[in-house]
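Q: Encoded as structure tokens, here's the structure I'll be asking about.
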Amino acid sequence: MGIQTVSQALSNENGGSSPFGFKNRIINGAMVIDQRNAAASLNPADQAYSIDRWKCRRSQASKYTIQQNAGSVTPPSGFTNYLGVTSSSSYSLLSTDYFAVQQIIEGYNTSDLGWGAVGAQTVTLSFWVRSSLTGTFGGALNNGAEVRAYGFTYTINNANTWEYKTVIISGDTSGTWLTTNGIGLYVNFNLGTGSQYGSATNGSWTAGSTQFTPSGTVSVVSTNAATWYVTGVQLEKAPQATAFDYRDYGRELALCQRYYVQSNSAASGTQFMEITGRFTATTQATYTISLPVTMRAQPALSISPAYNFSGGWYANLAGITNYAWTSAPAAGTAYLNNSVWFYVSCSTITSSYVGLWTDPYCPTTASANYFAITAEL
Amino acid sequence: MTKYKLQLGAYPMDGSPRTPCAVLKDDTWSIPFAPDNTLYQEYLKWLAEGNTPEPAEETN
């Protein structure tokens, strides 16, 4: 199917999509939630996350920065945020290079598309984009195993101007498409890619390997200080674009928290009340974190080193330096997707303290102290 | 270079020895042995490449 550029979206009434929610399979498409970076600029590692659900891909370090509302331009009407990429140099691409931002959609959220068989449903990708560059830009979709690819292009006609783009994509009738909590679909926006990962067929599905774009598209990272901004990204089961599926903040945050949860210390010297625990031995304390939503998988846990697993009112155990997961006895997968149970080893405490309450304590400045829990795809 | 270190579980209630229950990646992420967890899948891939994690310490 071809590319369609229109000045505004069709109305919901004309779109034919469900009005009951989750029309848009992209989470955080309005770029509102940024748990990790709180709108700070990021020089990303490969596979690092910028704002929630948006993953950075890059084969070389320090070729671009990414930030919520980078450059502080006015977003398109109806939006308050955007995802902004700024090129850090005039980089000459190697054939093996790739630079992109991507969203990975869980299989449960694409299961109704019927891809991989006759009757595969058409989807439409729509978004607002703005760049200091003009020309033909690219992107690609891949299946979970990254052996099916669909390339697409879109044209930015005017520099530094928000433009609305739509891409109509026929459903793939071949390949294997997960419909579980694994990877259902990759959606890639190219920022500059060499021939190895930049040769997707424009406008059709083909077998092959990981692809980020068709060949010959604009490379943002090849122009120093070039910008590429995007917001209002929507992927819907429909043969045409419809209005952006605005979701309330609480629901969007909850959707993001299925994959990542972060809680920062409110202030220096405060306890994290989300975490409660008790001393279970003279050298060990165990804690439980109740998660705000059921996560996609049993998550991994990271806690800032600055945390002091103190003993609340009962003890002051500075110097506890490590922590670990453990499997709760007789606990099933569902339980572990809903809460995190972990323990820390600690300095030897008085035996009479065993069984007493304890909670994590942040003795230093608040901004860098947090716990993070990830079940990202 | 990614570094992995095994982590022991909590003290079993029956007094049996502690066994590894997780792996610590780059001193940052404590990763459960959970097949659906992406970080654990990366760890398995790392193992398959012939790498070996650091042993667990009793104090972890």
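Naming works like this for the structure tokens: A, B, ... for the chains as they're shown, residue 1 at the start of each chain, ligands 1 onward in shown order.
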List the neighbours of segment 147-164 of chain A out to 9 Å using only C-alpha atoms; skip same-chain residues closer than 5 positions along the sequence, and give me the result as an MDAnalysis selection string.
A: chainID A and resid 2:9 75:76 126:142 169 172 174:176 198:214 217 227:230
Q: Under the rule of at most 8 Å, produce a per-residue listing of chain B near chain A: chain, number, name, the closest pair of atoms, and the distance in Å, as JSON lines, using only C-alpha atoms.
A:
{"residue": "B:Gln7", "atom": "CA", "partner": "A:Ala324", "partner_atom": "CA", "distance": 6.2}
{"residue": "B:Leu8", "atom": "CA", "partner": "A:Ala324", "partner_atom": "CA", "distance": 7.3}
{"residue": "B:Gly9", "atom": "CA", "partner": "A:Thr326", "partner_atom": "CA", "distance": 4.8}
{"residue": "B:Ala10", "atom": "CA", "partner": "A:Thr326", "partner_atom": "CA", "distance": 6.3}
{"residue": "B:Cys21", "atom": "CA", "partner": "A:Thr326", "partner_atom": "CA", "distance": 5.3}
{"residue": "B:Ala22", "atom": "CA", "partner": "A:Trp325", "partner_atom": "CA", "distance": 5.8}
{"residue": "B:Leu24", "atom": "CA", "partner": "A:Ala324", "partner_atom": "CA", "distance": 7.8}
{"residue": "B:Thr28", "atom": "CA", "partner": "A:Ser302", "partner_atom": "CA", "distance": 5.6}
{"residue": "B:Trp29", "atom": "CA", "partner": "A:Ser302", "partner_atom": "CA", "distance": 4.7}
{"residue": "B:Ser30", "atom": "CA", "partner": "A:Leu301", "partner_atom": "CA", "distance": 5.1}
{"residue": "B:Ile31", "atom": "CA", "partner": "A:Ala300", "partner_atom": "CA", "distance": 4.5}
{"residue": "B:Pro32", "atom": "CA", "partner": "A:Ala300", "partner_atom": "CA", "distance": 6.2}
{"residue": "B:Ala34", "atom": "CA", "partner": "A:Gln298", "partner_atom": "CA", "distance": 6.1}
{"residue": "B:Asp36", "atom": "CA", "partner": "A:Ala297", "partner_atom": "CA", "distance": 5.6}
{"residue": "B:Asn37", "atom": "CA", "partner": "A:Ala297", "partner_atom": "CA", "distance": 5.7}
{"residue": "B:Thr38", "atom": "CA", "partner": "A:Leu377", "partner_atom": "CA", "distance": 5.9}
{"residue": "B:Leu39", "atom": "CA", "partner": "A:Ala300", "partner_atom": "CA", "distance": 7.5}
{"residue": "B:Thr59", "atom": "CA", "partner": "A:Ser345", "partner_atom": "CA", "distance": 5.9}
{"residue": "B:Asn60", "atom": "CA", "partner": "A:Asn322", "partner_atom": "CA", "distance": 5.6}
Q: Keeping only all heavy atoms, write those residues as a tab-separated table (two decimals), in the first residue's frame.
A:
chain	number	residue	atom	x	y	z
B	7	GLN	N	23.74	-14.44	42.18
B	7	GLN	CA	23.28	-14.00	43.50
B	7	GLN	C	22.57	-15.15	44.19
B	7	GLN	O	21.77	-15.87	43.58
B	7	GLN	CB	22.32	-12.81	43.37
B	7	GLN	CG	22.99	-11.57	42.81
B	7	GLN	CD	22.02	-10.41	42.75
B	7	GLN	OE1	21.06	-10.45	42.01
B	7	GLN	NE2	22.28	-9.39	43.55
B	8	LEU	N	22.86	-15.30	45.46
B	8	LEU	CA	22.22	-16.36	46.23
B	8	LEU	C	20.83	-15.95	46.70
B	8	LEU	O	20.58	-14.77	46.93
B	8	LEU	CB	23.08	-16.71	47.45
B	8	LEU	CG	24.46	-17.31	47.17
B	8	LEU	CD1	25.21	-17.52	48.48
B	8	LEU	CD2	24.32	-18.63	46.42
B	9	GLY	N	19.98	-16.94	46.83
B	9	GLY	CA	18.66	-16.68	47.37
B	9	GLY	C	18.70	-16.47	48.88
B	9	GLY	O	19.76	-16.55	49.51
B	10	ALA	N	17.56	-16.23	49.43
B	10	ALA	CA	17.46	-16.03	50.87
B	10	ALA	C	17.72	-17.35	51.59
B	10	ALA	O	17.77	-18.42	50.99
B	10	ALA	CB	16.07	-15.51	51.21
B	21	CYS	N	19.68	-17.60	42.76
B	21	CYS	CA	18.30	-17.35	42.35
B	21	CYS	C	18.21	-16.20	41.36
B	21	CYS	O	17.15	-15.91	40.82
B	21	CYS	CB	17.44	-17.02	43.56
B	21	CYS	SG	17.88	-15.44	44.28
B	22	ALA	N	19.31	-15.50	41.16
B	22	ALA	CA	19.29	-14.32	40.30
B	22	ALA	C	20.71	-14.04	39.84
B	22	ALA	O	21.67	-14.68	40.28
B	22	ALA	CB	18.73	-13.13	41.06
B	24	LEU	N	23.28	-10.64	38.85
B	24	LEU	CA	23.44	-9.19	38.90
B	24	LEU	C	24.22	-8.73	37.67
B	24	LEU	O	25.33	-9.19	37.41
B	24	LEU	CB	24.20	-8.80	40.18
B	24	LEU	CG	24.32	-7.32	40.49
B	24	LEU	CD1	22.95	-6.72	40.80
B	24	LEU	CD2	25.26	-7.10	41.67
B	28	THR	N	24.10	-3.46	38.62
B	28	THR	CA	22.93	-2.58	38.53
B	28	THR	C	21.62	-3.36	38.61
B	28	THR	O	20.81	-3.12	39.50
B	28	THR	CB	22.96	-1.79	37.22
B	28	THR	OG1	24.17	-1.02	37.17
B	28	THR	CG2	21.76	-0.85	37.13
B	29	TRP	N	21.40	-4.26	37.68
B	29	TRP	CA	20.12	-4.95	37.61
B	29	TRP	C	20.21	-6.33	38.23
B	29	TRP	O	21.06	-7.13	37.83
B	29	TRP	CB	19.66	-5.09	36.14
B	29	TRP	CG	19.20	-3.82	35.54
B	29	TRP	CD1	19.89	-3.03	34.66
B	29	TRP	CD2	17.96	-3.16	35.78
B	29	TRP	NE1	19.15	-1.92	34.34
B	29	TRP	CE2	17.97	-1.97	35.01
B	29	TRP	CE3	16.85	-3.45	36.56
B	29	TRP	CZ2	16.89	-1.08	35.01
B	29	TRP	CZ3	15.78	-2.57	36.56
B	29	TRP	CH2	15.81	-1.40	35.78
B	30	SER	N	19.34	-6.59	39.17
B	30	SER	CA	19.21	-7.93	39.72
B	30	SER	C	18.14	-8.64	38.90
B	30	SER	O	16.97	-8.24	38.89
B	30	SER	CB	18.79	-7.86	41.19
B	30	SER	OG	18.72	-9.17	41.72
B	31	ILE	N	18.55	-9.66	38.17
B	31	ILE	CA	17.69	-10.28	37.16
B	31	ILE	C	17.24	-11.66	37.64
B	31	ILE	O	18.06	-12.52	37.93
B	31	ILE	CB	18.47	-10.42	35.83
B	31	ILE	CG1	19.03	-9.07	35.39
B	31	ILE	CG2	17.59	-11.05	34.77
B	31	ILE	CD1	20.07	-9.16	34.28
B	32	PRO	N	15.94	-11.88	37.73
B	32	PRO	CA	15.46	-13.19	38.15
B	32	PRO	C	15.65	-14.21	37.04
B	32	PRO	O	15.74	-13.86	35.86
B	32	PRO	CB	13.97	-12.93	38.41
B	32	PRO	CG	13.62	-11.85	37.45
B	32	PRO	CD	14.84	-10.97	37.38
B	34	ALA	N	13.93	-15.80	35.04
B	34	ALA	CA	12.57	-15.78	34.50
B	34	ALA	C	12.65	-15.79	32.98
B	34	ALA	O	13.15	-14.84	32.37
B	34	ALA	CB	11.83	-14.53	34.98
B	36	ASP	N	10.75	-15.18	30.54
B	36	ASP	CA	10.15	-14.09	29.75
B	36	ASP	C	10.84	-12.75	29.94
B	36	ASP	O	10.52	-11.79	29.25
B	36	ASP	CB	8.67	-13.93	30.11
B	36	ASP	CG	7.82	-15.07	29.57
B	36	ASP	OD1	8.30	-15.77	28.66
B	36	ASP	OD2	6.70	-15.25	30.06
B	37	ASN	N	11.73	-12.68	30.90
B	37	ASN	CA	12.41	-11.40	31.15
B	37	ASN	C	13.49	-11.17	30.10
B	37	ASN	O	14.35	-12.02	29.87
B	37	ASN	CB	13.02	-11.40	32.56
B	37	ASN	CG	13.58	-10.04	32.92
B	37	ASN	OD1	14.61	-9.63	32.41
B	37	ASN	ND2	12.87	-9.32	33.77
B	38	THR	N	13.44	-10.02	29.46
B	38	THR	CA	14.36	-9.73	28.37
B	38	THR	C	15.82	-9.71	28.84
B	38	THR	O	16.72	-10.18	28.13
B	38	THR	CB	14.01	-8.38	27.73
B	38	THR	OG1	12.64	-8.42	27.30
B	38	THR	CG2	14.89	-8.08	26.53
B	39	LEU	N	16.05	-9.18	30.02
B	39	LEU	CA	17.42	-9.14	30.53
B	39	LEU	C	17.93	-10.56	30.81
B	39	LEU	O	19.11	-10.85	30.60
B	39	LEU	CB	17.49	-8.29	31.80
B	39	LEU	CG	17.20	-6.79	31.62
B	39	LEU	CD1	17.29	-6.06	32.96
B	39	LEU	CD2	18.15	-6.16	30.62
B	59	THR	N	27.70	-13.06	50.96
B	59	THR	CA	27.16	-11.80	51.48
B	59	THR	C	26.27	-11.06	50.49
B	59	THR	O	25.83	-9.96	50.79
B	59	THR	CB	28.31	-10.86	51.86
B	59	THR	OG1	29.17	-10.69	50.72
B	59	THR	CG2	29.10	-11.42	53.02
B	60	ASN	N	26.00	-11.65	49.34
B	60	ASN	CA	25.18	-10.89	48.39
B	60	ASN	C	23.71	-10.96	48.74
B	60	ASN	O	23.32	-11.69	49.65
B	60	ASN	CB	25.42	-11.31	46.95
B	60	ASN	CG	24.75	-12.62	46.59
B	60	ASN	OD1	24.06	-13.23	47.39
B	60	ASN	ND2	24.99	-13.07	45.37
Q: Give the alpha helix (DSSP H) residues of chain B, as assigned by DSSP on the backbone, as a PyMOL selection string.
A: chain B and resi 38-48
Q: Could you give me the residues within chain B that DSSP places in strand (DSSP E or B), as a list in words?
A: Tyr4, Lys5, Leu6, Gln7, Leu8, Pro20, Cys21, Ala22, Val23, Leu24, Lys25, Trp29, Ser30, Ile31, Pro32 and Glu54 of chain B
Q: Please produce a file of the residues just selected, as a tab-separated table (two decimals), in the first residue's frame, where the atoms kept are N, CA, C and O atoms.
A:
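Produced file again_0.tsv, reproduced below:
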chain	number	residue	atom	x	y	z
B	4	TYR	N	28.42	-10.21	34.67
B	4	TYR	CA	27.34	-10.86	35.41
B	4	TYR	C	27.90	-11.56	36.64
B	4	TYR	O	28.99	-12.14	36.60
B	5	LYS	N	27.12	-11.51	37.69
B	5	LYS	CA	27.53	-12.17	38.93
B	5	LYS	C	26.31	-12.87	39.54
B	5	LYS	O	25.25	-12.25	39.70
B	6	LEU	N	26.47	-14.13	39.86
B	6	LEU	CA	25.34	-14.87	40.45
B	6	LEU	C	25.01	-14.33	41.83
B	6	LEU	O	25.88	-13.83	42.54
B	7	GLN	N	23.74	-14.44	42.18
B	7	GLN	CA	23.28	-14.00	43.50
B	7	GLN	C	22.57	-15.15	44.19
B	7	GLN	O	21.77	-15.87	43.58
B	8	LEU	N	22.86	-15.30	45.46
B	8	LEU	CA	22.22	-16.36	46.23
B	8	LEU	C	20.83	-15.95	46.70
B	8	LEU	O	20.58	-14.77	46.93
B	20	PRO	N	21.82	-20.12	44.04
B	20	PRO	CA	21.63	-18.93	43.19
B	20	PRO	C	20.19	-18.80	42.71
B	20	PRO	O	19.56	-19.79	42.33
B	21	CYS	N	19.68	-17.60	42.76
B	21	CYS	CA	18.30	-17.35	42.35
B	21	CYS	C	18.21	-16.20	41.36
B	21	CYS	O	17.15	-15.91	40.82
B	22	ALA	N	19.31	-15.50	41.16
B	22	ALA	CA	19.29	-14.32	40.30
B	22	ALA	C	20.71	-14.04	39.84
B	22	ALA	O	21.67	-14.68	40.28
B	23	VAL	N	20.81	-13.10	38.91
B	23	VAL	CA	22.13	-12.71	38.44
B	23	VAL	C	22.18	-11.19	38.38
B	23	VAL	O	21.22	-10.53	37.97
B	24	LEU	N	23.28	-10.64	38.85
B	24	LEU	CA	23.44	-9.19	38.90
B	24	LEU	C	24.22	-8.73	37.67
B	24	LEU	O	25.33	-9.19	37.41
B	25	LYS	N	23.61	-7.83	36.89
B	25	LYS	CA	24.25	-7.34	35.68
B	25	LYS	C	24.91	-5.99	35.94
B	25	LYS	O	24.25	-5.04	36.34
B	29	TRP	N	21.40	-4.26	37.68
B	29	TRP	CA	20.12	-4.95	37.61
B	29	TRP	C	20.21	-6.33	38.23
B	29	TRP	O	21.06	-7.13	37.83
B	30	SER	N	19.34	-6.59	39.17
B	30	SER	CA	19.21	-7.93	39.72
B	30	SER	C	18.14	-8.64	38.90
B	30	SER	O	16.97	-8.24	38.89
B	31	ILE	N	18.55	-9.66	38.17
B	31	ILE	CA	17.69	-10.28	37.16
B	31	ILE	C	17.24	-11.66	37.64
B	31	ILE	O	18.06	-12.52	37.93
B	32	PRO	N	15.94	-11.88	37.73
B	32	PRO	CA	15.46	-13.19	38.15
B	32	PRO	C	15.65	-14.21	37.04
B	32	PRO	O	15.74	-13.86	35.86
B	54	GLU	N	30.49	-14.46	37.31
B	54	GLU	CA	31.24	-14.51	38.55
B	54	GLU	C	30.43	-15.30	39.57
B	54	GLU	O	29.19	-15.25	39.57
Q: Provide the atom CA of Ala241 of chain A to atom CA of Lys165 of chain A distance in Å, to one decimal place.
A: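 Interatomic distance here is 9.2 Å.
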Q: If we count only C-alpha atoms and set the cut-off at 7 Å, which residues sit around Ser90 of chain A, ignoring sequence neighbours fewer than 6 positions away in its own chain? Please answer as JSON, numbers by chain.
A: {"A": [221, 222, 223, 224]}
Q: For the residues in the current selection, export N, CA and C atoms as a PDB file, in the first residue's frame.
A:
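Wrote out_21.pdb, looks like this:
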ATOM      1  N   VAL A 221      21.629  11.794  11.479  1.00  0.00           N
ATOM      2  CA  VAL A 221      22.913  11.855  12.185  1.00  0.00           C
ATOM      3  C   VAL A 221      24.058  12.316  11.283  1.00  0.00           C
ATOM      4  N   SER A 222      23.797  12.481  10.014  1.00  0.00           N
ATOM      5  CA  SER A 222      24.858  12.905   9.095  1.00  0.00           C
ATOM      6  C   SER A 222      24.946  14.410   8.930  1.00  0.00           C
ATOM      7  N   THR A 223      24.097  15.146   9.598  1.00  0.00           N
ATOM      8  CA  THR A 223      24.154  16.614   9.580  1.00  0.00           C
ATOM      9  C   THR A 223      24.257  17.103  11.013  1.00  0.00           C
ATOM     10  N   ASN A 224      25.338  17.777  11.317  1.00  0.00           N
ATOM     11  CA  ASN A 224      25.535  18.248  12.689  1.00  0.00           C
ATOM     12  C   ASN A 224      24.402  19.179  13.113  1.00  0.00           C
TER      13      ASN A 224
END
Q: May I ask for the distance between atom CA of Ser16 of chain B and atom CA of Glu57 of chain B, given in Å to one decimal place?
A: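 Atom CA of Glu57 of chain B lies at a distance of 16.5 Å from atom CA of Ser16 of chain B.
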Q: By how many Å are atom CA of Arg258 of chain A and atom CA of Ile105 of chain A apart?
A: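 Taking atom CA of Arg258 of chain A as the start and atom CA of Ile105 of chain A as the end point, the length is 11.9 Å.
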